[in-house]
file work.txt (compact mmCIF, N, CA and C atoms)
# COMPACT_ATOMS: atom_id res chain seq x y z
N MET R 1 -28.33 -21.27 -12.76
CA MET R 1 -29.52 -21.69 -13.47
C MET R 1 -29.36 -21.42 -14.96
N ALA R 2 -28.82 -20.24 -15.31
CA ALA R 2 -28.64 -19.90 -16.72
C ALA R 2 -27.66 -20.87 -17.38
N PHE R 3 -26.61 -21.23 -16.67
CA PHE R 3 -25.62 -22.18 -17.20
C PHE R 3 -26.28 -23.52 -17.51
N LEU R 4 -27.08 -24.03 -16.58
CA LEU R 4 -27.74 -25.33 -16.78
C LEU R 4 -28.74 -25.27 -17.93
N THR R 5 -29.48 -24.18 -18.01
CA THR R 5 -30.46 -24.01 -19.08
C THR R 5 -29.76 -23.97 -20.44
N GLU R 6 -28.68 -23.23 -20.52
CA GLU R 6 -27.93 -23.14 -21.78
C GLU R 6 -27.35 -24.49 -22.16
N ARG R 7 -26.85 -25.21 -21.21
CA ARG R 7 -26.29 -26.53 -21.46
C ARG R 7 -27.37 -27.48 -22.00
N ARG R 8 -28.54 -27.41 -21.40
CA ARG R 8 -29.65 -28.27 -21.85
C ARG R 8 -30.11 -27.87 -23.26
N ARG R 9 -30.19 -26.57 -23.53
CA ARG R 9 -30.58 -26.08 -24.86
C ARG R 9 -29.61 -26.57 -25.91
N LYS R 10 -28.31 -26.53 -25.61
CA LYS R 10 -27.28 -26.99 -26.54
C LYS R 10 -27.44 -28.50 -26.81
N ALA R 11 -27.70 -29.27 -25.77
CA ALA R 11 -27.87 -30.72 -25.92
C ALA R 11 -29.07 -31.03 -26.81
N ILE R 12 -30.16 -30.31 -26.63
CA ILE R 12 -31.36 -30.52 -27.46
C ILE R 12 -31.07 -30.18 -28.92
N GLN R 13 -30.37 -29.07 -29.13
CA GLN R 13 -30.04 -28.68 -30.50
C GLN R 13 -29.12 -29.71 -31.17
N ILE R 14 -28.18 -30.28 -30.43
CA ILE R 14 -27.29 -31.30 -30.97
C ILE R 14 -28.11 -32.54 -31.37
N GLU R 15 -29.04 -32.94 -30.50
CA GLU R 15 -29.90 -34.09 -30.80
C GLU R 15 -30.75 -33.85 -32.05
N ASP R 16 -31.25 -32.63 -32.21
CA ASP R 16 -32.10 -32.30 -33.35
C ASP R 16 -31.30 -32.02 -34.63
N GLY R 17 -29.99 -31.84 -34.47
CA GLY R 17 -29.15 -31.52 -35.63
C GLY R 17 -29.23 -30.06 -36.04
N THR R 18 -29.68 -29.19 -35.13
CA THR R 18 -29.80 -27.76 -35.44
C THR R 18 -28.73 -26.91 -34.76
N TYR R 19 -27.79 -27.55 -34.08
CA TYR R 19 -26.77 -26.80 -33.34
C TYR R 19 -25.74 -26.22 -34.30
N VAL R 20 -25.45 -24.97 -34.14
CA VAL R 20 -24.41 -24.28 -34.91
C VAL R 20 -23.38 -23.76 -33.91
N LYS R 21 -22.14 -24.20 -34.09
CA LYS R 21 -21.08 -23.79 -33.17
C LYS R 21 -20.85 -22.28 -33.29
N PRO R 22 -20.82 -21.57 -32.15
CA PRO R 22 -20.60 -20.11 -32.20
C PRO R 22 -19.20 -19.79 -32.75
N GLN R 23 -19.14 -18.74 -33.53
CA GLN R 23 -17.85 -18.31 -34.09
C GLN R 23 -17.37 -17.09 -33.33
N LYS R 24 -16.07 -17.07 -33.10
CA LYS R 24 -15.46 -15.94 -32.41
C LYS R 24 -15.31 -14.80 -33.41
N ARG R 25 -15.80 -13.62 -33.03
CA ARG R 25 -15.70 -12.46 -33.90
C ARG R 25 -14.91 -11.36 -33.21
N ILE R 26 -14.25 -10.57 -34.01
CA ILE R 26 -13.52 -9.42 -33.48
C ILE R 26 -14.54 -8.30 -33.24
N LEU R 27 -14.45 -7.69 -32.09
CA LEU R 27 -15.36 -6.61 -31.73
C LEU R 27 -15.17 -5.45 -32.71
N GLN R 28 -16.25 -5.00 -33.28
CA GLN R 28 -16.21 -3.89 -34.23
C GLN R 28 -16.62 -2.61 -33.51
N MET R 29 -15.64 -1.82 -33.14
CA MET R 29 -15.92 -0.54 -32.47
C MET R 29 -15.19 0.56 -33.21
N THR R 30 -15.84 1.70 -33.31
CA THR R 30 -15.16 2.85 -33.92
C THR R 30 -14.20 3.45 -32.90
N ASP R 31 -13.32 4.30 -33.40
CA ASP R 31 -12.39 4.98 -32.50
C ASP R 31 -13.15 5.78 -31.44
N GLY R 32 -14.21 6.46 -31.87
CA GLY R 32 -15.01 7.26 -30.94
C GLY R 32 -15.66 6.43 -29.85
N GLN R 33 -16.11 5.23 -30.20
CA GLN R 33 -16.71 4.36 -29.19
C GLN R 33 -15.67 3.90 -28.18
N ILE R 34 -14.47 3.62 -28.64
CA ILE R 34 -13.39 3.23 -27.72
C ILE R 34 -13.05 4.39 -26.80
N TYR R 35 -12.85 5.58 -27.37
CA TYR R 35 -12.55 6.76 -26.55
C TYR R 35 -13.66 7.02 -25.54
N GLY R 36 -14.91 6.93 -26.00
CA GLY R 36 -16.05 7.21 -25.13
C GLY R 36 -16.19 6.20 -24.00
N SER R 37 -16.03 4.92 -24.31
CA SER R 37 -16.18 3.91 -23.26
C SER R 37 -15.07 4.02 -22.22
N PHE R 38 -13.85 4.25 -22.68
CA PHE R 38 -12.74 4.35 -21.73
C PHE R 38 -12.81 5.64 -20.91
N SER R 39 -13.09 6.76 -21.56
CA SER R 39 -13.13 8.02 -20.81
C SER R 39 -14.28 8.03 -19.81
N GLY R 40 -15.43 7.51 -20.21
CA GLY R 40 -16.57 7.46 -19.29
C GLY R 40 -16.28 6.65 -18.06
N LEU R 41 -15.67 5.50 -18.26
CA LEU R 41 -15.37 4.63 -17.12
C LEU R 41 -14.30 5.26 -16.23
N ILE R 42 -13.20 5.68 -16.83
CA ILE R 42 -12.08 6.21 -16.03
C ILE R 42 -12.50 7.44 -15.25
N PHE R 43 -13.02 8.44 -15.94
CA PHE R 43 -13.30 9.70 -15.27
C PHE R 43 -14.58 9.63 -14.44
N GLY R 44 -15.48 8.72 -14.78
CA GLY R 44 -16.65 8.50 -13.94
C GLY R 44 -16.29 7.89 -12.60
N VAL R 45 -15.41 6.89 -12.63
CA VAL R 45 -14.99 6.22 -11.40
C VAL R 45 -14.13 7.14 -10.54
N LEU R 46 -13.31 7.96 -11.17
CA LEU R 46 -12.43 8.85 -10.41
C LEU R 46 -13.12 10.15 -9.97
N SER R 47 -14.32 10.41 -10.46
CA SER R 47 -14.98 11.69 -10.16
C SER R 47 -15.20 11.92 -8.67
N TRP R 48 -15.48 10.86 -7.92
CA TRP R 48 -15.71 11.06 -6.48
C TRP R 48 -14.42 11.50 -5.79
N LEU R 49 -13.26 11.03 -6.31
CA LEU R 49 -11.99 11.49 -5.74
C LEU R 49 -11.77 12.98 -6.03
N TYR R 50 -12.14 13.42 -7.25
CA TYR R 50 -12.02 14.85 -7.56
C TYR R 50 -12.87 15.67 -6.60
N LEU R 51 -14.09 15.21 -6.36
CA LEU R 51 -14.98 15.95 -5.47
C LEU R 51 -14.45 15.98 -4.04
N MET R 52 -13.92 14.86 -3.58
CA MET R 52 -13.33 14.83 -2.23
C MET R 52 -12.16 15.80 -2.14
N CYS R 53 -11.31 15.81 -3.17
CA CYS R 53 -10.16 16.72 -3.18
C CYS R 53 -10.61 18.18 -3.18
N ILE R 54 -11.61 18.49 -3.97
CA ILE R 54 -12.12 19.86 -4.04
C ILE R 54 -12.74 20.27 -2.70
N ASN R 55 -13.55 19.38 -2.11
CA ASN R 55 -14.16 19.69 -0.81
C ASN R 55 -13.12 19.88 0.28
N ALA R 56 -12.02 19.12 0.22
CA ALA R 56 -10.98 19.22 1.24
C ALA R 56 -9.89 20.22 0.87
N LYS R 57 -10.08 20.88 -0.28
CA LYS R 57 -9.09 21.84 -0.78
C LYS R 57 -7.70 21.21 -0.91
N ASP R 58 -7.68 19.98 -1.37
CA ASP R 58 -6.46 19.22 -1.57
C ASP R 58 -6.11 19.26 -3.06
N TRP R 59 -5.61 20.42 -3.50
CA TRP R 59 -5.43 20.68 -4.93
C TRP R 59 -4.33 19.82 -5.55
N THR R 60 -3.28 19.58 -4.84
CA THR R 60 -2.18 18.77 -5.39
C THR R 60 -2.68 17.36 -5.70
N THR R 61 -3.38 16.77 -4.77
CA THR R 61 -3.90 15.42 -4.99
C THR R 61 -4.90 15.41 -6.14
N MET R 62 -5.73 16.43 -6.23
CA MET R 62 -6.70 16.50 -7.33
C MET R 62 -5.99 16.48 -8.68
N TRP R 63 -4.94 17.29 -8.82
CA TRP R 63 -4.22 17.34 -10.09
C TRP R 63 -3.48 16.03 -10.36
N LEU R 64 -2.98 15.39 -9.32
CA LEU R 64 -2.30 14.10 -9.51
C LEU R 64 -3.30 13.01 -9.93
N VAL R 65 -4.49 13.01 -9.33
CA VAL R 65 -5.52 12.04 -9.72
C VAL R 65 -5.94 12.29 -11.17
N LEU R 66 -6.13 13.55 -11.53
CA LEU R 66 -6.49 13.89 -12.91
C LEU R 66 -5.40 13.44 -13.89
N ALA R 67 -4.15 13.71 -13.53
CA ALA R 67 -3.03 13.28 -14.39
C ALA R 67 -2.98 11.76 -14.50
N GLY R 68 -3.23 11.07 -13.40
CA GLY R 68 -3.26 9.60 -13.43
C GLY R 68 -4.37 9.08 -14.33
N GLY R 69 -5.54 9.71 -14.26
CA GLY R 69 -6.66 9.32 -15.12
C GLY R 69 -6.35 9.55 -16.58
N ILE R 70 -5.73 10.67 -16.88
CA ILE R 70 -5.35 10.97 -18.27
C ILE R 70 -4.32 9.97 -18.76
N LEU R 71 -3.36 9.63 -17.92
CA LEU R 71 -2.33 8.66 -18.31
C LEU R 71 -2.93 7.28 -18.57
N ILE R 72 -3.81 6.83 -17.69
CA ILE R 72 -4.49 5.55 -17.89
C ILE R 72 -5.31 5.57 -19.17
N PHE R 73 -6.01 6.68 -19.42
CA PHE R 73 -6.81 6.82 -20.64
C PHE R 73 -5.91 6.75 -21.87
N TRP R 74 -4.83 7.48 -21.87
CA TRP R 74 -3.92 7.54 -23.02
C TRP R 74 -3.33 6.16 -23.32
N ILE R 75 -2.83 5.49 -22.29
CA ILE R 75 -2.22 4.17 -22.49
C ILE R 75 -3.27 3.16 -22.96
N SER R 76 -4.42 3.15 -22.32
CA SER R 76 -5.47 2.17 -22.67
C SER R 76 -5.96 2.35 -24.09
N THR R 77 -6.24 3.59 -24.48
CA THR R 77 -6.74 3.81 -25.83
C THR R 77 -5.68 3.51 -26.88
N LYS R 78 -4.44 3.86 -26.58
CA LYS R 78 -3.33 3.59 -27.52
C LYS R 78 -3.22 2.09 -27.77
N ILE R 79 -3.24 1.30 -26.70
CA ILE R 79 -3.13 -0.16 -26.84
C ILE R 79 -4.35 -0.72 -27.58
N CYS R 80 -5.53 -0.26 -27.19
CA CYS R 80 -6.77 -0.81 -27.75
C CYS R 80 -6.91 -0.46 -29.23
N LEU R 81 -6.52 0.73 -29.63
CA LEU R 81 -6.63 1.11 -31.04
C LEU R 81 -5.70 0.27 -31.92
N HIS R 82 -4.61 -0.21 -31.37
CA HIS R 82 -3.68 -1.05 -32.14
C HIS R 82 -4.07 -2.52 -32.11
N THR R 83 -4.72 -2.96 -31.05
CA THR R 83 -5.12 -4.37 -30.92
C THR R 83 -6.58 -4.44 -30.51
N ARG R 84 -7.45 -4.12 -31.42
CA ARG R 84 -8.89 -4.07 -31.12
C ARG R 84 -9.45 -5.41 -30.66
N GLN R 85 -8.84 -6.51 -31.11
CA GLN R 85 -9.35 -7.82 -30.71
C GLN R 85 -9.14 -8.08 -29.23
N HIS R 86 -8.32 -7.30 -28.57
CA HIS R 86 -8.07 -7.46 -27.13
C HIS R 86 -8.77 -6.36 -26.31
N TYR R 87 -9.86 -5.83 -26.84
CA TYR R 87 -10.57 -4.74 -26.15
C TYR R 87 -10.90 -5.10 -24.71
N TYR R 88 -11.47 -6.28 -24.50
CA TYR R 88 -11.91 -6.65 -23.15
C TYR R 88 -10.73 -6.83 -22.20
N ARG R 89 -9.63 -7.34 -22.69
CA ARG R 89 -8.44 -7.47 -21.84
C ARG R 89 -7.90 -6.10 -21.46
N VAL R 90 -7.86 -5.21 -22.44
CA VAL R 90 -7.39 -3.85 -22.17
C VAL R 90 -8.34 -3.17 -21.17
N ALA R 91 -9.64 -3.36 -21.36
CA ALA R 91 -10.63 -2.75 -20.46
C ALA R 91 -10.48 -3.29 -19.04
N MET R 92 -10.21 -4.59 -18.90
CA MET R 92 -10.01 -5.16 -17.55
C MET R 92 -8.75 -4.58 -16.91
N GLY R 93 -7.69 -4.44 -17.68
CA GLY R 93 -6.46 -3.84 -17.16
C GLY R 93 -6.68 -2.39 -16.76
N MET R 94 -7.46 -1.68 -17.56
CA MET R 94 -7.77 -0.29 -17.26
C MET R 94 -8.57 -0.19 -15.97
N CYS R 95 -9.54 -1.08 -15.80
CA CYS R 95 -10.34 -1.08 -14.56
C CYS R 95 -9.46 -1.37 -13.34
N ALA R 96 -8.52 -2.29 -13.50
CA ALA R 96 -7.60 -2.61 -12.40
C ALA R 96 -6.75 -1.39 -12.06
N ALA R 97 -6.27 -0.68 -13.09
CA ALA R 97 -5.45 0.51 -12.86
C ALA R 97 -6.24 1.61 -12.15
N VAL R 98 -7.48 1.82 -12.56
CA VAL R 98 -8.33 2.83 -11.91
C VAL R 98 -8.62 2.44 -10.47
N GLY R 99 -8.87 1.16 -10.24
CA GLY R 99 -9.09 0.69 -8.87
C GLY R 99 -7.87 0.89 -8.00
N LEU R 100 -6.70 0.65 -8.58
CA LEU R 100 -5.45 0.85 -7.85
C LEU R 100 -5.26 2.33 -7.49
N VAL R 101 -5.57 3.22 -8.42
CA VAL R 101 -5.49 4.66 -8.13
C VAL R 101 -6.41 5.01 -6.98
N ASN R 102 -7.63 4.49 -7.01
CA ASN R 102 -8.58 4.74 -5.92
C ASN R 102 -8.01 4.28 -4.58
N LEU R 103 -7.51 3.06 -4.54
CA LEU R 103 -6.98 2.53 -3.28
C LEU R 103 -5.77 3.32 -2.78
N ILE R 104 -4.88 3.69 -3.68
CA ILE R 104 -3.68 4.45 -3.27
C ILE R 104 -4.08 5.80 -2.70
N VAL R 105 -4.93 6.51 -3.42
CA VAL R 105 -5.33 7.85 -2.97
C VAL R 105 -6.10 7.77 -1.65
N ILE R 106 -7.01 6.83 -1.56
CA ILE R 106 -7.79 6.68 -0.32
C ILE R 106 -6.86 6.43 0.86
N ASN R 107 -5.93 5.49 0.70
CA ASN R 107 -5.06 5.13 1.82
C ASN R 107 -4.08 6.23 2.19
N LEU R 108 -3.71 7.07 1.23
CA LEU R 108 -2.79 8.16 1.54
C LEU R 108 -3.49 9.41 2.05
N ARG R 109 -4.74 9.66 1.64
CA ARG R 109 -5.36 10.94 1.94
C ARG R 109 -6.61 10.90 2.82
N TRP R 110 -7.24 9.75 3.00
CA TRP R 110 -8.53 9.70 3.69
C TRP R 110 -8.50 10.35 5.07
N ASN R 111 -7.54 9.97 5.89
CA ASN R 111 -7.48 10.53 7.25
C ASN R 111 -7.28 12.03 7.23
N LYS R 112 -6.48 12.55 6.30
CA LYS R 112 -6.28 14.00 6.18
C LYS R 112 -7.57 14.69 5.77
N TRP R 113 -8.30 14.09 4.83
CA TRP R 113 -9.56 14.69 4.39
C TRP R 113 -10.57 14.73 5.53
N ILE R 114 -10.71 13.64 6.25
CA ILE R 114 -11.67 13.59 7.36
C ILE R 114 -11.28 14.59 8.44
N GLU R 115 -9.99 14.66 8.75
CA GLU R 115 -9.50 15.62 9.73
C GLU R 115 -9.85 17.04 9.30
N TYR R 116 -9.67 17.35 8.02
CA TYR R 116 -10.00 18.68 7.50
C TYR R 116 -11.50 18.96 7.64
N PHE R 117 -12.33 17.98 7.29
CA PHE R 117 -13.78 18.18 7.37
C PHE R 117 -14.23 18.41 8.81
N ILE R 118 -13.67 17.68 9.74
CA ILE R 118 -14.05 17.83 11.15
C ILE R 118 -13.57 19.18 11.68
N GLN R 119 -12.33 19.59 11.35
CA GLN R 119 -11.79 20.87 11.81
C GLN R 119 -12.59 22.05 11.27
N THR R 120 -13.06 21.94 10.04
CA THR R 120 -13.79 23.06 9.44
C THR R 120 -15.29 23.01 9.75
N GLY R 121 -15.71 22.00 10.51
CA GLY R 121 -17.11 21.90 10.87
C GLY R 121 -18.00 21.37 9.76
N ARG R 122 -17.39 20.81 8.75
CA ARG R 122 -18.16 20.24 7.63
C ARG R 122 -18.33 18.75 7.90
N ASN R 123 -19.14 18.45 8.87
CA ASN R 123 -19.35 17.07 9.29
C ASN R 123 -20.24 16.36 8.27
N LEU R 124 -19.62 15.85 7.22
CA LEU R 124 -20.35 15.17 6.16
C LEU R 124 -20.74 13.77 6.59
N LYS R 125 -21.66 13.17 5.85
CA LYS R 125 -22.15 11.83 6.18
C LYS R 125 -21.02 10.81 6.27
N TYR R 126 -20.04 10.93 5.39
CA TYR R 126 -19.01 9.91 5.33
C TYR R 126 -17.82 10.16 6.25
N THR R 127 -17.90 11.13 7.14
CA THR R 127 -16.79 11.36 8.06
C THR R 127 -16.68 10.26 9.10
N HIS R 128 -17.71 9.44 9.23
CA HIS R 128 -17.68 8.36 10.21
C HIS R 128 -17.28 7.02 9.60
N VAL R 129 -16.95 7.00 8.32
CA VAL R 129 -16.52 5.77 7.65
C VAL R 129 -15.02 5.60 7.91
N SER R 130 -14.65 4.42 8.40
CA SER R 130 -13.24 4.18 8.67
C SER R 130 -12.51 3.83 7.38
N LEU R 131 -11.20 3.93 7.43
CA LEU R 131 -10.38 3.62 6.26
C LEU R 131 -10.52 2.15 5.86
N SER R 132 -10.58 1.26 6.83
CA SER R 132 -10.73 -0.17 6.51
C SER R 132 -12.09 -0.44 5.86
N GLN R 133 -13.14 0.23 6.32
CA GLN R 133 -14.46 0.07 5.70
C GLN R 133 -14.44 0.55 4.25
N LEU R 134 -13.79 1.67 4.04
CA LEU R 134 -13.71 2.23 2.70
C LEU R 134 -12.89 1.35 1.77
N ASN R 135 -11.80 0.80 2.26
CA ASN R 135 -11.00 -0.12 1.45
C ASN R 135 -11.83 -1.33 1.04
N PHE R 136 -12.63 -1.84 1.96
CA PHE R 136 -13.47 -2.99 1.67
C PHE R 136 -14.49 -2.64 0.58
N ILE R 137 -15.10 -1.48 0.70
CA ILE R 137 -16.09 -1.05 -0.29
C ILE R 137 -15.46 -0.91 -1.66
N VAL R 138 -14.30 -0.31 -1.74
CA VAL R 138 -13.63 -0.12 -3.04
C VAL R 138 -13.19 -1.46 -3.62
N GLU R 139 -12.73 -2.37 -2.80
CA GLU R 139 -12.26 -3.67 -3.28
C GLU R 139 -13.39 -4.50 -3.86
N ILE R 140 -14.59 -4.45 -3.26
CA ILE R 140 -15.67 -5.28 -3.77
C ILE R 140 -16.31 -4.67 -5.01
N MET R 141 -16.07 -3.42 -5.25
CA MET R 141 -16.64 -2.81 -6.45
C MET R 141 -15.72 -3.09 -7.57
call {"tool": "encode", "arguments": {"input": "work.txt", "output": "structure tokens"}}
result
Amino acid sequence: MAFLTERRRKAIQIEDGTYVKPQKRILQMTDGQIYGSFSGLIFGVLSWLYLMCINAKDWTTMWLVLAGGILIFWISTKICLHTRQHYYRVAMGMCAAVGLVNLIVINLRWNKWIEYFIQTGRNLKYTHVSLSQLNFIVEIM
């Protein structure tokens, strides 16, 4: 509906002679805004993995996920600070990398975590979620 409305608005403006072609502008972001947007997204999305690792006492995986998040942050910000005009492309690549980390960790550790929770009597709400269900949820997000 929005597409059709916009198309009609543009046609009316062309007929009236008031249409101004949009100009492409380079996104103006400070270094702090780039660091903040990338760190918030990366570490926010990975935070549930940190909590799962801590709850399951899976310290090695927790440190590996943290290191992966730091590496993604470092690479993304380095690229973006040098080519600010490609911010959205870098951000999409960063999101794909974070999603890949989620999928890898889930597929390698989920069954071990659930097994640990059941053995220790910590029957959490998500102990009944299968690996395939979880993969589907992560993929659609």
call {"tool": "residues_around", "arguments": {"input": "work.txt", "residues": "Trp63 (chain R)", "least_positions_apart": "5", "cutoff": "8 Å", "atoms": "all atoms listed in the file", "output": "list of chain:residue names"}}
result
R:Tyr50, R:Cys53, R:Asp58, R:Gly68, R:Gly69
call {"tool": "select_by_dssp", "arguments": {"input": "work.txt", "residues": "chain R", "states": "alpha helix (DSSP H)", "output": "number ranges by chain"}}
result
R: 2-16, 31-55, 59-82, 87-119, 131-140
call {"tool": "closest_residue", "arguments": {"input": "work.txt", "among": "R:Leu81, R:Lys57, R:Gln28, R:Gly44", "to": "Trp113 (chain R)", "atoms": "all atoms listed in the file"}}
result
R:Lys57
call {"tool": "residues_around", "arguments": {"input": "work.txt", "residues": "Thr61 (chain R)", "least_positions_apart": "5", "cutoff": "8 Å", "atoms": "all atoms listed in the file", "output": "PyMOL selection string"}}
result
chain R and resi 49-50+53-54+66-67+105
call {"tool": "residues_around", "arguments": {"input": "work.txt", "residues": "region 86-88 of chain R", "least_positions_apart": "4", "cutoff": "12 Å", "atoms": "only C-alpha atoms", "output": "list in words"}}
result
Arg25, Ile26, Leu27, Gln28, Met29, Thr30, Asp31, Gln33, Ile34, Tyr35, Ser37, Phe38, Ser76, Thr77, Lys78, Ile79, Cys80, Leu81, His82, Met92, Gly93, Met94 and Cys95 of chain R
call {"tool": "atom_distance", "arguments": {"input": "work.txt", "atom1": "atom C of Gln23 (chain R)", "atom2": "atom N of Ala96 (chain R)"}}
result
26.3 Å
call {"tool": "residues_around", "arguments": {"input": "work.txt", "residues": "Leu131 (chain R)", "least_positions_apart": "4", "cutoff": "7 Å", "atoms": "all atoms listed in the file", "output": "list in words"}}
result
Trp110, Asn111, Asn135 and Phe136 of chain R
